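A short write-up of the structure that comes next.
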Amino acid sequence: MSPEDPPGEADWVETWKDHASAFDRVKSVTMTLSEPRPASWIATEAAVSPNTARDHLRRLIDLGVVTATENDGTRHYYPDPLYTRLRDVRELLQETTKRELSEQAAELKDDIAAWEAEYDADSPAALRERAADSDVSAERAHELVAVASDWELARYRLSLVQDAIENYDTWSADLSSITV
């Protein structure tokens, strides 16, 4: 750790290293990515060597947990979208009844309808475009971008809930049918 690191961060990393394997740390870092990152970046965050990170990332690719893309000659890694989606649907099925899923769907639809009405927009993209307009203040632009992000998350969550509802009887009877 460098001198610029916050106090206690070195202790936290050492505790993490003591209680989690290098594989688990690489997986943990990679599964939280919102954009593809190179192995060197993941290695730094996971407190492992770049070679160790690459080895574990190859294994995660083989397991279907992580995927990779080339960017300017460098391989970048990120969570496999299908793996992530099935994991999230499985979690919903394990923790939620069909009735609760229906209630969640209704709440998410209410949220989306409220944003459509309040912001007179039909999509998160429309809010982002509005945020970029020259006559929009910085404060309002931040608000629009935040609402657009919340709206996108609600739409994604709604799609998960809808998948869980549509397949509830089949998948909840045998959760092994959703292989993740």
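All residue names refer to the structure tokens as shown: chains lettered A, B, ... in order, residues numbered from 1 in each chain, ligands numbered from 1 in order.
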Next on the checklist: Please list as a count of residues only every residue within 10 Å of range 113-130 of chain A, counting only C-alpha atoms and excluding residues in the same chain fewer than 4 positions away.
Outcome noted: 21
Checklist entry - If you run DSSP on the backbone, which residues of chain A are alpha helix (DSSP H), as a count of residues only? => result 122
Checklist entry - CA of Tyr77 in chain A to CA of Ile61 in chain A: how many Å, to one decimal? => result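 These two atoms are separated by 9.0 Å.
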Show me, as a short mmCIF file (atom, residue, chain, number, x, y, z; two decimals) with N, CA, C and O atoms, in the first residue's frame, the residues that have an atom within 7 Å of Val26 in chain A when counting only C-alpha atoms, minus same-chain residues fewer than 2 positions from it.
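File produced: around_20.cif:
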data_model
loop_
_atom_site.label_atom_id
_atom_site.label_comp_id
_atom_site.auth_asym_id
_atom_site.auth_seq_id
_atom_site.Cartn_x
_atom_site.Cartn_y
_atom_site.Cartn_z
N ALA A 22 -6.95 -16.18 -3.16
CA ALA A 22 -6.68 -15.29 -4.31
C ALA A 22 -7.78 -15.45 -5.35
O ALA A 22 -8.24 -14.46 -5.93
N PHE A 23 -8.22 -16.68 -5.59
CA PHE A 23 -9.30 -16.92 -6.56
C PHE A 23 -10.56 -16.16 -6.15
O PHE A 23 -11.18 -15.49 -6.97
N ASP A 24 -10.94 -16.27 -4.88
CA ASP A 24 -12.15 -15.59 -4.41
C ASP A 24 -12.02 -14.07 -4.50
O ASP A 24 -13.00 -13.38 -4.82
N SER A 28 -14.40 -11.84 -6.75
CA SER A 28 -15.14 -10.77 -6.08
C SER A 28 -14.96 -9.43 -6.80
O SER A 28 -15.93 -8.72 -7.06
N VAL A 29 -13.73 -9.10 -7.10
CA VAL A 29 -13.46 -7.83 -7.79
C VAL A 29 -14.11 -7.83 -9.17
O VAL A 29 -14.79 -6.88 -9.56
N THR A 30 -13.95 -8.92 -9.91
CA THR A 30 -14.46 -8.98 -11.27
C THR A 30 -15.98 -8.92 -11.31
O THR A 30 -16.56 -8.27 -12.17
N ILE A 42 -7.49 -5.52 -12.20
CA ILE A 42 -8.15 -6.48 -11.32
C ILE A 42 -7.15 -7.02 -10.30
O ILE A 42 -7.46 -7.15 -9.11
N ALA A 46 -7.51 -6.84 -6.29
CA ALA A 46 -7.65 -8.12 -5.59
C ALA A 46 -6.42 -8.46 -4.76
O ALA A 46 -6.39 -9.51 -4.10
N ALA A 53 -3.86 -13.19 -11.31
CA ALA A 53 -5.17 -12.70 -11.76
C ALA A 53 -5.53 -13.32 -13.10
O ALA A 53 -6.66 -13.81 -13.29
N HIS A 56 -6.59 -16.98 -12.72
CA HIS A 56 -7.93 -17.12 -12.15
C HIS A 56 -9.01 -16.60 -13.11
O HIS A 56 -10.11 -17.18 -13.17
#
Item to check | Coordinates-based distance that separates CA of Arg157 in chain A from CA of Gly64 in chain A (Å, one decimal) | outcome: 21.9 Å
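Across A:Leu158, A:Pro81, A:Glu91, A:Ala10, the tightest approach to Met31 in chain A is made by A:Pro81 when counting only C-alpha atoms.
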Next on the checklist: When you count only C-alpha atoms, which of these residues is closest to Asp80 in chain A: A:Leu93, A:Ala47, A:Ala106, A:Leu33?
Outcome noted: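 Among A:Leu93, A:Ala47, A:Ala106, A:Leu33, it is A:Leu33 that comes nearest to Asp80 in chain A.
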Checklist entry - Contacts of Thr97 in chain A at 10 Å or less, counting only C-alpha atoms, minus same-chain residues fewer than 3 places along, as a list in words? => result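 Returned residues: Leu92, Leu93, Gln94, Glu100, Leu101, Ser102, Glu103, Ala164, Ile165, Tyr168 and Ser172 of chain A.
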Mind dumping the selected residues with N, CA and C atoms as an mmCIF file, in the first residue's frame?
data_model
loop_
_atom_site.group_PDB
_atom_site.id
_atom_site.type_symbol
_atom_site.label_atom_id
_atom_site.label_comp_id
_atom_site.auth_asym_id
_atom_site.auth_seq_id
_atom_site.Cartn_x
_atom_site.Cartn_y
_atom_site.Cartn_z
ATOM 1 N N LEU A 92 -33.901 -14.589 -6.636
ATOM 2 C CA LEU A 92 -35.311 -14.214 -6.491
ATOM 3 C C LEU A 92 -36.178 -15.434 -6.181
ATOM 4 N N LEU A 93 -35.956 -16.517 -6.897
ATOM 5 C CA LEU A 93 -36.755 -17.725 -6.705
ATOM 6 C C LEU A 93 -36.539 -18.339 -5.325
ATOM 7 N N GLN A 94 -35.338 -18.244 -4.810
ATOM 8 C CA GLN A 94 -35.033 -18.827 -3.508
ATOM 9 C C GLN A 94 -35.606 -17.993 -2.363
ATOM 10 N N GLU A 100 -45.115 -12.371 -3.851
ATOM 11 C CA GLU A 100 -44.184 -11.272 -3.589
ATOM 12 C C GLU A 100 -43.546 -10.776 -4.889
ATOM 13 N N LEU A 101 -43.264 -11.701 -5.797
ATOM 14 C CA LEU A 101 -42.718 -11.305 -7.102
ATOM 15 C C LEU A 101 -43.718 -10.429 -7.852
ATOM 16 N N SER A 102 -44.980 -10.805 -7.820
ATOM 17 C CA SER A 102 -46.014 -10.007 -8.486
ATOM 18 C C SER A 102 -46.114 -8.620 -7.867
ATOM 19 N N GLU A 103 -45.998 -8.551 -6.547
ATOM 20 C CA GLU A 103 -46.034 -7.257 -5.860
ATOM 21 C C GLU A 103 -44.824 -6.404 -6.249
ATOM 22 N N ALA A 164 -38.650 -14.574 -13.472
ATOM 23 C CA ALA A 164 -38.904 -15.438 -12.321
ATOM 24 C C ALA A 164 -40.380 -15.838 -12.258
ATOM 25 N N ILE A 165 -41.284 -14.892 -12.514
ATOM 26 C CA ILE A 165 -42.718 -15.195 -12.491
ATOM 27 C C ILE A 165 -43.081 -16.172 -13.608
ATOM 28 N N TYR A 168 -41.646 -19.548 -12.685
ATOM 29 C CA TYR A 168 -41.687 -19.852 -11.255
ATOM 30 C C TYR A 168 -41.978 -21.326 -10.979
ATOM 31 N N SER A 172 -38.770 -23.122 -9.617
ATOM 32 C CA SER A 172 -38.769 -23.217 -8.153
ATOM 33 C C SER A 172 -38.969 -24.655 -7.696
#
Shell of 8 Å around Val65 in chain A, only C-alpha atoms, local chain residues under 5 positions omitted, as a short mmCIF file (atom, residue, chain, number, x, y, z; two decimals) with N, CA and C atoms, in the first residue's frame:
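Okay, this is what ended up in result39.cif:
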data_model
loop_
_atom_site.label_atom_id
_atom_site.label_comp_id
_atom_site.auth_asym_id
_atom_site.auth_seq_id
_atom_site.Cartn_x
_atom_site.Cartn_y
_atom_site.Cartn_z
N LEU A 60 -12.26 -18.54 -14.48
CA LEU A 60 -13.62 -17.98 -14.39
C LEU A 60 -14.29 -17.94 -15.77
N PRO A 79 -18.11 -9.38 -15.78
CA PRO A 79 -19.02 -10.48 -15.46
C PRO A 79 -19.80 -10.91 -16.70
N ASP A 80 -19.97 -12.22 -16.87
CA ASP A 80 -20.77 -12.74 -17.97
C ASP A 80 -22.23 -12.36 -17.73
N TYR A 83 -24.62 -15.36 -16.96
CA TYR A 83 -24.38 -15.91 -15.63
C TYR A 83 -24.99 -15.00 -14.57
N THR A 84 -24.74 -13.72 -14.69
CA THR A 84 -25.24 -12.76 -13.71
C THR A 84 -26.76 -12.76 -13.67
#
